[in-house]
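Colleague: Take a look at entry_0.pdb, PDB, C-alpha atoms, pLDDT in the B column:
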ATOM      1  CA  MET A  15       6.515  12.246   9.075  1.00 96.00           C
ATOM      2  CA  LEU A  16       7.639   9.501   6.733  1.00 98.00           C
ATOM      3  CA  ASP A  17       8.601   9.703   3.061  1.00 98.00           C
ATOM      4  CA  VAL A  18       7.688   6.907   0.636  1.00 98.00           C
ATOM      5  CA  ASP A  19       9.844   6.840  -2.518  1.00 97.00           C
ATOM      6  CA  SER A  20      13.331   5.468  -1.774  1.00 96.00           C
ATOM      7  CA  THR A  21      12.385   5.331   1.898  1.00 98.00           C
ATOM      8  CA  LEU A  22       9.309   3.265   2.712  1.00 98.00           C
ATOM      9  CA  CYS A  23       9.691   1.578  -0.693  1.00 98.00           C
ATOM     10  CA  ALA A  24      12.844   0.904  -2.676  1.00 98.00           C
ATOM     11  CA  ILE A  25      11.726   2.608  -5.885  1.00 95.00           C
ATOM     12  CA  GLU A  26      11.046   6.101  -7.179  1.00 94.00           C
ATOM     13  CA  GLY A  27       7.503   5.926  -8.499  1.00 96.00           C
ATOM     14  CA  ILE A  28       7.910   8.405 -11.347  1.00 95.00           C
ATOM     15  CA  ASP A  29      11.095   6.648 -12.475  1.00 94.00           C
ATOM     16  CA  TRP A  30       9.280   3.302 -12.495  1.00 96.00           C
ATOM     17  CA  LEU A  31       6.534   4.784 -14.666  1.00 97.00           C
ATOM     18  CA  ALA A  32       9.113   6.396 -16.969  1.00 95.00           C
ATOM     19  CA  SER A  33      10.846   3.040 -17.398  1.00 95.00           C
ATOM     20  CA  ARG A  34       7.794   1.963 -19.404  1.00 94.00           C
ATOM     21  CA  ARG A  35       8.462   4.689 -21.984  1.00 95.00           C
ATOM     22  CA  SER A  36      11.325   5.296 -24.407  1.00 95.00           C
ATOM     23  CA  SER A  37      14.911   5.253 -23.188  1.00 95.00           C
ATOM     24  CA  ALA A  38      15.096   9.018 -23.742  1.00 95.00           C
ATOM     25  CA  VAL A  39      12.116   9.628 -21.445  1.00 95.00           C
ATOM     26  CA  ARG A  40      13.384   7.118 -18.891  1.00 93.00           C
ATOM     27  CA  ASP A  41      16.857   8.676 -18.726  1.00 95.00           C
ATOM     28  CA  ARG A  42      15.587  12.261 -18.606  1.00 94.00           C
ATOM     29  CA  VAL A  43      13.113  11.570 -15.814  1.00 94.00           C
ATOM     30  CA  ALA A  44      15.666   9.640 -13.765  1.00 92.00           C
ATOM     31  CA  GLU A  45      18.196  12.445 -14.184  1.00 94.00           C
ATOM     32  CA  VAL A  46      15.934  15.277 -13.068  1.00 92.00           C
ATOM     33  CA  THR A  47      14.478  13.199 -10.221  1.00 91.00           C
ATOM     34  CA  GLU A  48      17.916  12.557  -8.779  1.00 90.00           C
ATOM     35  CA  ARG A  49      18.995  16.178  -9.215  1.00 92.00           C
ATOM     36  CA  ALA A  50      15.828  17.406  -7.493  1.00 90.00           C
ATOM     37  CA  MET A  51      16.329  14.982  -4.587  1.00 88.00           C
ATOM     38  CA  ARG A  52      19.903  16.242  -4.173  1.00 88.00           C
ATOM     39  CA  GLY A  53      18.674  19.830  -4.168  1.00 88.00           C
ATOM     40  CA  GLU A  54      20.438  20.800  -7.391  1.00 93.00           C
ATOM     41  CA  ILE A  55      17.229  21.918  -9.125  1.00 91.00           C
ATOM     42  CA  PRO A  56      13.870  22.942  -7.653  1.00 90.00           C
ATOM     43  CA  LEU A  57      11.276  20.167  -7.541  1.00 88.00           C
ATOM     44  CA  GLY A  58       8.644  22.589  -8.809  1.00 87.00           C
ATOM     45  CA  ASP A  59      10.641  23.088 -12.000  1.00 88.00           C
ATOM     46  CA  VAL A  60      10.467  19.419 -12.962  1.00 91.00           C
ATOM     47  CA  TYR A  61       7.322  17.995 -11.364  1.00 93.00           C
ATOM     48  CA  ALA A  62       4.981  18.862 -14.243  1.00 92.00           C
ATOM     49  CA  GLU A  63       7.668  18.111 -16.822  1.00 92.00           C
ATOM     50  CA  ARG A  64       8.112  14.547 -15.604  1.00 94.00           C
ATOM     51  CA  LEU A  65       4.406  13.768 -15.516  1.00 95.00           C
ATOM     52  CA  GLU A  66       3.811  15.336 -18.917  1.00 94.00           C
ATOM     53  CA  ALA A  67       6.641  13.248 -20.373  1.00 94.00           C
ATOM     54  CA  VAL A  68       5.242  10.033 -18.915  1.00 96.00           C
ATOM     55  CA  ARG A  69       1.466  10.707 -18.926  1.00 97.00           C
ATOM     56  CA  PRO A  70       0.669   7.622 -16.838  1.00 98.00           C
ATOM     57  CA  SER A  71      -2.713   5.973 -17.285  1.00 98.00           C
ATOM     58  CA  ARG A  72      -4.965   4.940 -14.412  1.00 98.00           C
ATOM     59  CA  GLU A  73      -4.026   1.315 -15.072  1.00 98.00           C
ATOM     60  CA  GLU A  74      -0.304   2.109 -14.945  1.00 98.00           C
ATOM     61  CA  VAL A  75      -0.787   3.837 -11.595  1.00 98.00           C
ATOM     62  CA  ARG A  76      -2.519   0.683 -10.343  1.00 98.00           C
ATOM     63  CA  GLN A  77       0.463  -1.335 -11.558  1.00 98.00           C
ATOM     64  CA  LEU A  78       2.772   1.110  -9.796  1.00 98.00           C
ATOM     65  CA  ALA A  79       0.940   0.346  -6.536  1.00 98.00           C
ATOM     66  CA  ASP A  80       1.762  -3.317  -7.061  1.00 98.00           C
ATOM     67  CA  ALA A  81       5.403  -2.447  -7.747  1.00 98.00           C
ATOM     68  CA  TYR A  82       5.571  -0.351  -4.578  1.00 98.00           C
ATOM     69  CA  MET A  83       4.202  -3.230  -2.500  1.00 97.00           C
ATOM     70  CA  GLU A  84       6.735  -5.639  -3.972  1.00 97.00           C
ATOM     71  CA  ARG A  85       9.528  -3.260  -2.940  1.00 98.00           C
ATOM     72  CA  ILE A  86       8.465  -2.299   0.594  1.00 98.00           C
ATOM     73  CA  GLU A  87      11.610  -2.125   2.672  1.00 98.00           C
ATOM     74  CA  PRO A  88      12.258  -4.975   5.137  1.00 98.00           C
ATOM     75  CA  ARG A  89      10.621  -4.826   8.572  1.00 97.00           C
ATOM     76  CA  VAL A  90       8.531  -1.749   7.777  1.00 98.00           C
ATOM     77  CA  ALA A  91       5.215  -3.162   9.014  1.00 97.00           C
ATOM     78  CA  GLU A  92       6.722  -4.506  12.242  1.00 98.00           C
ATOM     79  CA  SER A  93       8.584  -1.279  12.973  1.00 98.00           C
ATOM     80  CA  LEU A  94       5.584   0.956  12.309  1.00 98.00           C
ATOM     81  CA  ALA A  95       3.374  -1.322  14.411  1.00 98.00           C
ATOM     82  CA  LYS A  96       5.695  -0.744  17.381  1.00 98.00           C
ATOM     83  CA  LEU A  97       5.180   2.988  16.935  1.00 98.00           C
ATOM     84  CA  THR A  98       1.425   3.015  16.371  1.00 97.00           C
ATOM     85  CA  ASN A  99       0.793   0.497  19.173  1.00 97.00           C
ATOM     86  CA  ALA A 100       2.572   2.914  21.494  1.00 97.00           C
ATOM     87  CA  GLY A 101       0.311   5.762  20.385  1.00 97.00           C
ATOM     88  CA  ILE A 102       2.747   7.374  17.951  1.00 97.00           C
ATOM     89  CA  HIS A 103       0.944   9.045  15.055  1.00 97.00           C
ATOM     90  CA  VAL A 104       2.607   8.073  11.756  1.00 98.00           C
ATOM     91  CA  VAL A 105       1.861  10.091   8.615  1.00 98.00           C
ATOM     92  CA  LEU A 106       3.127   9.619   5.073  1.00 98.00           C
ATOM     93  CA  VAL A 107       4.056  12.901   3.401  1.00 98.00           C
ATOM     94  CA  THR A 108       5.243  12.454  -0.160  1.00 97.00           C
ATOM     95  CA  ALA A 109       5.297  14.006  -3.610  1.00 95.00           C
ATOM     96  CA  GLY A 110       4.313  10.595  -4.955  1.00 96.00           C
ATOM     97  CA  ILE A 111       0.988   9.637  -6.508  1.00 98.00           C
ATOM     98  CA  ARG A 112      -1.739   9.166  -3.930  1.00 98.00           C
ATOM     99  CA  ASP A 113      -3.626   6.399  -5.740  1.00 98.00           C
ATOM    100  CA  ALA A 114      -0.461   4.290  -5.861  1.00 98.00           C
ATOM    101  CA  ILE A 115       0.512   4.931  -2.251  1.00 98.00           C
ATOM    102  CA  VAL A 116      -2.763   4.325  -0.393  1.00 98.00           C
ATOM    103  CA  PRO A 117      -2.545   0.535  -0.998  1.00 97.00           C
ATOM    104  CA  VAL A 118       1.021   0.593   0.337  1.00 97.00           C
ATOM    105  CA  ALA A 119      -0.102   2.380   3.491  1.00 98.00           C
ATOM    106  CA  GLU A 120      -2.788  -0.222   4.064  1.00 97.00           C
ATOM    107  CA  ALA A 121      -0.274  -3.023   3.468  1.00 97.00           C
ATOM    108  CA  VAL A 122       1.938  -1.739   6.306  1.00 97.00           C
ATOM    109  CA  GLY A 123      -0.938  -1.188   8.707  1.00 97.00           C
ATOM    110  CA  LEU A 124      -1.729   2.494   8.161  1.00 98.00           C
ATOM    111  CA  LEU A 125      -5.045   4.106   7.260  1.00 97.00           C
ATOM    112  CA  PRO A 126      -5.579   5.975   3.968  1.00 98.00           C
ATOM    113  CA  SER A 127      -6.283   9.100   6.011  1.00 97.00           C
ATOM    114  CA  VAL A 128      -2.594   9.404   6.973  1.00 98.00           C
ATOM    115  CA  VAL A 129      -1.473   9.499   3.328  1.00 98.00           C
ATOM    116  CA  HIS A 130      -0.647  13.003   2.123  1.00 98.00           C
ATOM    117  CA  ALA A 131       0.361  12.767  -1.532  1.00 98.00           C
ATOM    118  CA  VAL A 132      -0.466  14.212  -4.953  1.00 98.00           C
ATOM    119  CA  SER A 133      -3.666  13.325  -6.799  1.00 98.00           C
ATOM    120  CA  LEU A 134      -3.709  12.659 -10.534  1.00 98.00           C
ATOM    121  CA  TYR A 135      -6.698  13.228 -12.805  1.00 98.00           C
ATOM    122  CA  PHE A 136      -7.820  10.892 -15.578  1.00 98.00           C
ATOM    123  CA  THR A 137     -10.335  10.866 -18.390  1.00 98.00           C
ATOM    124  CA  GLU A 138     -13.267   8.452 -18.199  1.00 97.00           C
ATOM    125  CA  PRO A 139     -11.334   5.777 -20.156  1.00 98.00           C
ATOM    126  CA  GLY A 140      -8.388   6.212 -17.765  1.00 98.00           C
ATOM    127  CA  ASP A 141      -5.984   8.354 -19.773  1.00 98.00           C
ATOM    128  CA  TYR A 142      -3.785  10.908 -18.019  1.00 98.00           C
ATOM    129  CA  LEU A 143      -5.413  14.317 -17.704  1.00 97.00           C
ATOM    130  CA  GLY A 144      -3.276  16.191 -15.198  1.00 97.00           C
ATOM    131  CA  PHE A 145      -2.306  16.492 -11.539  1.00 97.00           C
ATOM    132  CA  ASP A 146      -3.223  18.605  -8.550  1.00 97.00           C
ATOM    133  CA  ALA A 147      -0.954  21.555  -9.285  1.00 94.00           C
ATOM    134  CA  GLN A 148      -2.223  23.286  -6.132  1.00 95.00           C
ATOM    135  CA  SER A 149      -0.669  20.653  -3.881  1.00 97.00           C
ATOM    136  CA  PRO A 150       2.298  22.109  -1.992  1.00 96.00           C
ATOM    137  CA  LEU A 151       3.977  18.712  -2.263  1.00 97.00           C
ATOM    138  CA  THR A 152       4.807  19.396  -5.912  1.00 95.00           C
ATOM    139  CA  ARG A 153       7.419  22.001  -4.985  1.00 93.00           C
ATOM    140  CA  ASN A 154      10.264  22.660  -2.589  1.00 92.00           C
ATOM    141  CA  GLY A 155       9.089  23.669   0.852  1.00 94.00           C
ATOM    142  CA  GLY A 156       5.865  21.752   0.330  1.00 95.00           C
ATOM    143  CA  LYS A 157       6.508  19.234   3.063  1.00 96.00           C
ATOM    144  CA  VAL A 158       7.140  22.096   5.455  1.00 97.00           C
ATOM    145  CA  GLU A 159       3.739  23.564   4.555  1.00 97.00           C
ATOM    146  CA  MET A 160       2.011  20.207   4.813  1.00 97.00           C
ATOM    147  CA  VAL A 161       3.438  19.272   8.198  1.00 97.00           C
ATOM    148  CA  ARG A 162       2.541  22.657   9.622  1.00 97.00           C
ATOM    149  CA  ALA A 163      -0.982  22.436   8.189  1.00 96.00           C
ATOM    150  CA  LEU A 164      -1.510  19.015   9.771  1.00 96.00           C
ATOM    151  CA  GLY A 165      -1.000  20.462  13.246  1.00 96.00           C
ATOM    152  CA  LEU A 166       0.784  17.362  14.498  1.00 96.00           C
ATOM    153  CA  ALA A 167       1.619  17.009  18.181  1.00 95.00           C
ATOM    154  CA  ARG A 168       5.238  17.766  18.977  1.00 95.00           C
ATOM    155  CA  PRO A 169       7.879  16.455  19.030  1.00 97.00           C
ATOM    156  CA  ILE A 170       7.892  15.391  15.375  1.00 98.00           C
ATOM    157  CA  LEU A 171      10.492  13.181  13.683  1.00 98.00           C
ATOM    158  CA  GLY A 172      10.909  13.409   9.928  1.00 98.00           C
ATOM    159  CA  VAL A 173      12.304  10.452   7.974  1.00 98.00           C
ATOM    160  CA  GLY A 174      13.329  10.523   4.317  1.00 98.00           C
ATOM    161  CA  ASP A 175      16.039  10.340   1.709  1.00 97.00           C
ATOM    162  CA  GLY A 176      15.767  13.619  -0.206  1.00 93.00           C
ATOM    163  CA  ILE A 177      16.357  17.317   0.191  1.00 93.00           C
ATOM    164  CA  THR A 178      12.604  18.006   0.262  1.00 93.00           C
ATOM    165  CA  ASP A 179      12.407  15.805   3.378  1.00 96.00           C
ATOM    166  CA  LEU A 180      15.334  17.563   5.053  1.00 97.00           C
ATOM    167  CA  GLU A 181      13.695  20.946   4.410  1.00 96.00           C
ATOM    168  CA  ALA A 182      11.201  20.182   7.156  1.00 97.00           C
ATOM    169  CA  ARG A 183      14.126  20.269   9.600  1.00 97.00           C
ATOM    170  CA  THR A 184      16.050  23.211   8.132  1.00 97.00           C
ATOM    171  CA  ALA A 185      13.044  25.520   7.720  1.00 96.00           C
ATOM    172  CA  ASP A 186      12.877  28.602   9.931  1.00 96.00           C
ATOM    173  CA  PRO A 187      11.249  27.692  12.223  1.00 96.00           C
ATOM    174  CA  PRO A 188      11.681  23.942  11.729  1.00 97.00           C
ATOM    175  CA  ALA A 189       8.531  21.972  10.945  1.00 97.00           C
ATOM    176  CA  VAL A 190       9.975  18.868  12.622  1.00 98.00           C
ATOM    177  CA  ASP A 191      12.080  18.574  15.764  1.00 98.00           C
ATOM    178  CA  ALA A 192      14.529  16.014  14.394  1.00 98.00           C
ATOM    179  CA  PHE A 193      15.283  14.382  11.067  1.00 98.00           C
ATOM    180  CA  ALA A 194      16.552  10.902  10.207  1.00 98.00           C
ATOM    181  CA  ALA A 195      18.155  10.420   6.796  1.00 98.00           C
ATOM    182  CA  TYR A 196      17.178   7.031   5.415  1.00 98.00           C
ATOM    183  CA  THR A 197      20.035   5.516   3.415  1.00 98.00           C
ATOM    184  CA  GLY A 198      18.723   1.986   2.892  1.00 97.00           C
ATOM    185  CA  VAL A 199      17.911   2.762  -0.753  1.00 97.00           C
ATOM    186  CA  ALA A 200      19.788   5.934  -1.712  1.00 95.00           C
ATOM    187  CA  THR A 201      22.453   7.990   0.035  1.00 96.00           C
ATOM    188  CA  ARG A 202      22.568  11.694  -0.708  1.00 93.00           C
ATOM    189  CA  ASP A 203      25.441  13.489   0.988  1.00 94.00           C
ATOM    190  CA  ALA A 204      23.679  16.813   1.524  1.00 94.00           C
ATOM    191  CA  VAL A 205      20.764  15.058   3.222  1.00 96.00           C
ATOM    192  CA  VAL A 206      23.034  12.984   5.450  1.00 97.00           C
ATOM    193  CA  ARG A 207      25.041  16.040   6.468  1.00 97.00           C
ATOM    194  CA  GLY A 208      21.913  17.862   7.598  1.00 97.00           C
ATOM    195  CA  ALA A 209      20.369  14.954   9.488  1.00 98.00           C
ATOM    196  CA  ASP A 210      20.198  14.410  13.227  1.00 98.00           C
ATOM    197  CA  TYR A 211      20.226  10.646  12.670  1.00 98.00           C
ATOM    198  CA  VAL A 212      21.193   8.329   9.825  1.00 98.00           C
ATOM    199  CA  ILE A 213      19.487   4.944   9.492  1.00 98.00           C
ATOM    200  CA  SER A 214      19.672   2.250   6.831  1.00 98.00           C
ATOM    201  CA  ARG A 215      17.063  -0.160   8.266  1.00 98.00           C
ATOM    202  CA  PHE A 216      13.530   0.416   9.458  1.00 98.00           C
ATOM    203  CA  ASP A 217      14.055  -1.572  12.632  1.00 97.00           C
ATOM    204  CA  GLU A 218      16.379   1.248  13.754  1.00 98.00           C
ATOM    205  CA  LEU A 219      13.453   3.686  13.771  1.00 98.00           C
ATOM    206  CA  PRO A 220      11.742   2.670  17.053  1.00 97.00           C
ATOM    207  CA  GLY A 221      15.014   3.093  18.898  1.00 97.00           C
ATOM    208  CA  ILE A 222      15.214   6.716  17.801  1.00 97.00           C
ATOM    209  CA  VAL A 223      11.580   7.452  18.598  1.00 97.00           C
ATOM    210  CA  PHE A 224      11.650   5.825  22.033  1.00 95.00           C
ATOM    211  CA  GLY A 225      15.120   7.154  22.819  1.00 88.00           C
TER     212      GLY A 225
END
Write out the structure in this file as structure tokens.
Modeller:
Amino acid sequence: MLDVDSTLCAIEGIDWLASRRSSAVRDRVAEVTERAMRGEIPLGDVYAERLEAVRPSREEVRQLADAYMERIEPRVAESLAKLTNAGIHVVLVTAGIRDAIVPVAEAVGLLPSVVHAVSLYFTEPGDYLGFDAQSPLTRNGGKVEMVRALGLARPILGVGDGITDLEARTADPPAVDAFAAYTGVATRDAVVRGADYVISRFDELPGIVFG
């Protein structure tokens, strides 16, 4: 189970979109994103707020996909290829925007079917209409629900940078068997403290998986 924002890619998608708005919107979105990732406020309390403040168009989401691909972390494709070639099933589980993340998955050698993210809705001209509020990924505990629903073969390793990633390990019972905190983009103390492993480069990942 692999996160995307500040893990697979060195940006937070919603922050990148907010950077195209006023400084007030940009600063507010960045603030609540960071607080949610540290576990200081529930993700569900700010998910709708951030999207409503930004109201990204379909074209901006396409541009976000390009930005993600420009900021893919070093050696991701090679490291994931080592896993998938050995029969390891890699899934992306993220609160990010699905339409922006599918191209990233394909760029690193993964199929769209392994992307579990949040869908946005648009009007015919491409204006923002809303998001899939029923997705568990829009709230705390959502990654726990998603991983359990996927019925993945055990053991499962979770990899991410935020508290919503760590929740998959700390849930009762845990949804993953081990968790690696990824610190190559952002380091959050609470996430590091709860992790079984701490990595800052993707080429460290196969060593953990293969033991």
Colleague: Out of A:Leu151, A:Leu134, A:Leu57, A:Ala194, which residue has the shortest atom-to-atom distance to Val173 (chain A) when counting all atoms listed in the file?
Modeller: A:Ala194
Colleague: Starting from the PyMOL selection byres ((chain A and resi 60) around 9), expand the selection into actual residues of this file and give them as a PyMOL selection string.
Modeller: chain A and resi 43+46-47+50+55-59+61-65+153
Colleague: Compare A:Arg52, A:Arg112, A:Lys96, A:Arg215 by their minimum atom-to-atom distance to Leu180 (chain A), counting all atoms listed in the file, and give me the closest one.
Modeller: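 Counting all atoms listed in the file, the residue closest to Leu180 (chain A) is A:Arg52.
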Colleague: Rank nothing, just name the residue among A:Val199, A:Ala209, A:Ala95, A:Met160 nearest to Val18 (chain A), using only C-alpha atoms.
Modeller: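 For Val18 (chain A), the nearest of the candidates is A:Val199.
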Colleague: What is the distance, in Å and to one decimal place, between CA of Pro187 (chain A) and CA of Phe216 (chain A)?
Modeller: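 Computing the Euclidean distance for CA of Pro187 (chain A) and CA of Phe216 (chain A) yields 27.5 Å.
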Colleague: Please compute the CA of Ser20 (chain A)-CA of Asn99 (chain A) distance, one decimal, in Å.
Modeller: 24.9 Å
Colleague: Which residues, written as a CSV table (one decimal) with C-alpha atoms, in the coordinates of the input, have at least one atom at most 8 Å from Leu97 (chain A), with all atoms listed in the file counted and residues fewer than 5 positions away on the same chain left out?
Modeller:
chain,number,residue,atom,x,y,z
A,102,ILE,CA,2.7,7.4,18.0
A,103,HIS,CA,0.9,9.0,15.1
A,104,VAL,CA,2.6,8.1,11.8
A,220,PRO,CA,11.7,2.7,17.1
A,223,VAL,CA,11.6,7.5,18.6
Colleague: Evaluate the PyMOL selection byres ((chain A and resi 138-140) around 10) on the structure here and hand back the selected residues as a JSON list (two decimals) with C-alpha atoms, keeping the file's coordinate frame.
Modeller:
[["chain", "number", "residue", "atom", "x", "y", "z"],
["A", 70, "PRO", "CA", 0.67, 7.62, -16.84],
["A", 71, "SER", "CA", -2.71, 5.97, -17.28],
["A", 72, "ARG", "CA", -4.96, 4.94, -14.41],
["A", 73, "GLU", "CA", -4.03, 1.32, -15.07],
["A", 74, "GLU", "CA", -0.30, 2.11, -14.94],
["A", 135, "TYR", "CA", -6.70, 13.23, -12.80],
["A", 136, "PHE", "CA", -7.82, 10.89, -15.58],
["A", 137, "THR", "CA", -10.34, 10.87, -18.39],
["A", 141, "ASP", "CA", -5.98, 8.35, -19.77],
["A", 142, "TYR", "CA", -3.78, 10.91, -18.02],
["A", 143, "LEU", "CA", -5.41, 14.32, -17.70]]
Colleague: Any idea what's packed within 8 Å of Val206 (chain A), counting all atoms listed in the file, ignoring anything in its chain fewer than 5 positions away? Could you give it as a ChimeraX atom specification?
Modeller: /A:195,201,212
Colleague: Ranking A:Ala109, A:Ile86, A:Val116, A:Val68 by minimum distance to Thr178 (chain A) and counting all atoms listed in the file, which one comes first?
Modeller: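 The shortest atom-to-atom distance to Thr178 (chain A) comes from A:Ala109.
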Colleague: Using all atoms of region 125-135 of chain A listed in the file and a margin of 3 Å per side, can you give the axis-aligned box centre and edge lengths in Å to one decimal, as JSON?
Modeller:
{"center_x": -3.2, "center_y": 9.2, "center_z": -2.8, "size_x": 13.1, "size_y": 16.1, "size_z": 26.1}
Colleague: Could you tell me, as a PyMOL selection string, exactly which residues end up selected when the PyMOL selection byres ((chain A and resi 23-32) around 10) is applied to this structure?
Modeller: chain A and resi 17-22+33-48+61+64-65+67-71+74-75+77-79+81-88+90+109-111+114-115+118+198-200
Colleague: Would you compute the distance between CA of Ala182 (chain A) and CA of Gly101 (chain A)? Give it in Å to one decimal.
Modeller: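 Taking CA of Ala182 (chain A) and CA of Gly101 (chain A), their separation equals 22.4 Å.
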Colleague: Set the distance at 12 Å and use all atoms listed in the file: which residues neighbour Gly208 (chain A) once local chain neighbours fewer than 4 positions away are removed? I'd like the list as a VMD selection string.
Modeller: chain A and resid 174 to 185 192 to 195 202 to 204 212
Colleague: Of the candidates A:Thr108, A:Ala100, A:Met15, A:Arg76, which shows the shortest atom-to-atom distance to Val161 (chain A), using all atoms listed in the file?
Modeller: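 The closest residue to Val161 (chain A) is A:Met15.
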Colleague: Using all atoms listed in the file, find the one residue out of A:Val158, A:Asp113, A:Asp191, A:Leu125 that sits nearest to Thr98 (chain A).
Modeller: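 Of all the options, A:Leu125 lies closest to Thr98 (chain A).
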Colleague: Extract, using all atoms listed in the file, all DNA, RNA and protein residues at most 7 Å from Val107 (chain A), discarding same-chain residues fewer than 4 positions from it, and format them as a ChimeraX atom specification.
Modeller: /A:15-17,129-131,157
Colleague: Filtering to C-alpha atoms, could you give me those residues as an mmCIF file, in the frame of the given file?
Modeller:
data_model
loop_
_atom_site.group_PDB
_atom_site.id
_atom_site.type_symbol
_atom_site.label_atom_id
_atom_site.label_comp_id
_atom_site.auth_asym_id
_atom_site.auth_seq_id
_atom_site.Cartn_x
_atom_site.Cartn_y
_atom_site.Cartn_z
ATOM 1 C CA MET A 15 6.515 12.246 9.075
ATOM 2 C CA LEU A 16 7.639 9.501 6.733
ATOM 3 C CA ASP A 17 8.601 9.703 3.061
ATOM 4 C CA VAL A 129 -1.473 9.499 3.328
ATOM 5 C CA HIS A 130 -0.647 13.003 2.123
ATOM 6 C CA ALA A 131 0.361 12.767 -1.532
ATOM 7 C CA LYS A 157 6.508 19.234 3.063
#
Colleague: Got a sec to check which residues sit within 7 Å of (0.7, 18.1, -4.3), counting all atoms listed in the file, and write them as a list in words?
Modeller: Ala109, Ala131, Val132, Ser133, Asp146, Ala147, Gln148, Ser149, Pro150, Leu151 and Thr152 of chain A
Colleague: Please produce region 120-125 of chain A, completed to all heavy atoms, as a PDB file, in the coordinates of the input.
Modeller:
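Okay, this is what ended up in result_26.pdb:
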ATOM      1  N   GLU A 120      -1.943   0.826   3.488  1.00 97.00           N
ATOM      2  CA  GLU A 120      -2.788  -0.222   4.064  1.00 97.00           C
ATOM      3  C   GLU A 120      -2.002  -1.513   4.269  1.00 97.00           C
ATOM      4  O   GLU A 120      -2.216  -2.225   5.256  1.00 97.00           O
ATOM      5  CB  GLU A 120      -3.995  -0.450   3.167  1.00 97.00           C
ATOM      6  CG  GLU A 120      -4.930   0.757   3.121  1.00 97.00           C
ATOM      7  CD  GLU A 120      -6.086   0.584   2.156  1.00 97.00           C
ATOM      8  OE1 GLU A 120      -5.880  -0.014   1.075  1.00 97.00           O
ATOM      9  OE2 GLU A 120      -7.196   1.051   2.486  1.00 97.00           O
ATOM     10  N   ALA A 121      -1.070  -1.799   3.364  1.00 97.00           N
ATOM     11  CA  ALA A 121      -0.274  -3.023   3.468  1.00 97.00           C
ATOM     12  C   ALA A 121       0.653  -3.018   4.675  1.00 97.00           C
ATOM     13  O   ALA A 121       1.006  -4.081   5.196  1.00 97.00           O
ATOM     14  CB  ALA A 121       0.546  -3.230   2.193  1.00 97.00           C
ATOM     15  N   VAL A 122       1.046  -1.818   5.138  1.00 97.00           N
ATOM     16  CA  VAL A 122       1.938  -1.739   6.306  1.00 97.00           C
ATOM     17  C   VAL A 122       1.188  -1.323   7.561  1.00 97.00           C
ATOM     18  O   VAL A 122       1.787  -0.941   8.559  1.00 97.00           O
ATOM     19  CB  VAL A 122       3.130  -0.789   6.038  1.00 97.00           C
ATOM     20  CG1 VAL A 122       3.969  -1.296   4.882  1.00 97.00           C
ATOM     21  CG2 VAL A 122       2.672   0.649   5.789  1.00 97.00           C
ATOM     22  N   GLY A 123      -0.141  -1.404   7.507  1.00 97.00           N
ATOM     23  CA  GLY A 123      -0.938  -1.188   8.707  1.00 97.00           C
ATOM     24  C   GLY A 123      -1.371   0.229   8.984  1.00 97.00           C
ATOM     25  O   GLY A 123      -1.793   0.543  10.105  1.00 97.00           O
ATOM     26  N   LEU A 124      -1.314   1.102   7.980  1.00 98.00           N
ATOM     27  CA  LEU A 124      -1.729   2.494   8.161  1.00 98.00           C
ATOM     28  C   LEU A 124      -3.044   2.749   7.424  1.00 98.00           C
ATOM     29  O   LEU A 124      -3.370   2.077   6.453  1.00 98.00           O
ATOM     30  CB  LEU A 124      -0.646   3.438   7.625  1.00 98.00           C
ATOM     31  CG  LEU A 124       0.742   3.316   8.263  1.00 98.00           C
ATOM     32  CD1 LEU A 124       1.724   4.249   7.558  1.00 98.00           C
ATOM     33  CD2 LEU A 124       0.688   3.634   9.763  1.00 98.00           C
ATOM     34  N   LEU A 125      -3.778   3.749   7.882  1.00 97.00           N
ATOM     35  CA  LEU A 125      -5.045   4.106   7.260  1.00 97.00           C
ATOM     36  C   LEU A 125      -4.813   5.050   6.077  1.00 97.00           C
ATOM     37  O   LEU A 125      -3.859   5.836   6.075  1.00 97.00           O
ATOM     38  CB  LEU A 125      -5.950   4.782   8.288  1.00 97.00           C
ATOM     39  CG  LEU A 125      -6.398   3.925   9.479  1.00 97.00           C
ATOM     40  CD1 LEU A 125      -7.151   4.796  10.484  1.00 97.00           C
ATOM     41  CD2 LEU A 125      -7.264   2.770   9.008  1.00 97.00           C
TER      42      LEU A 125
END
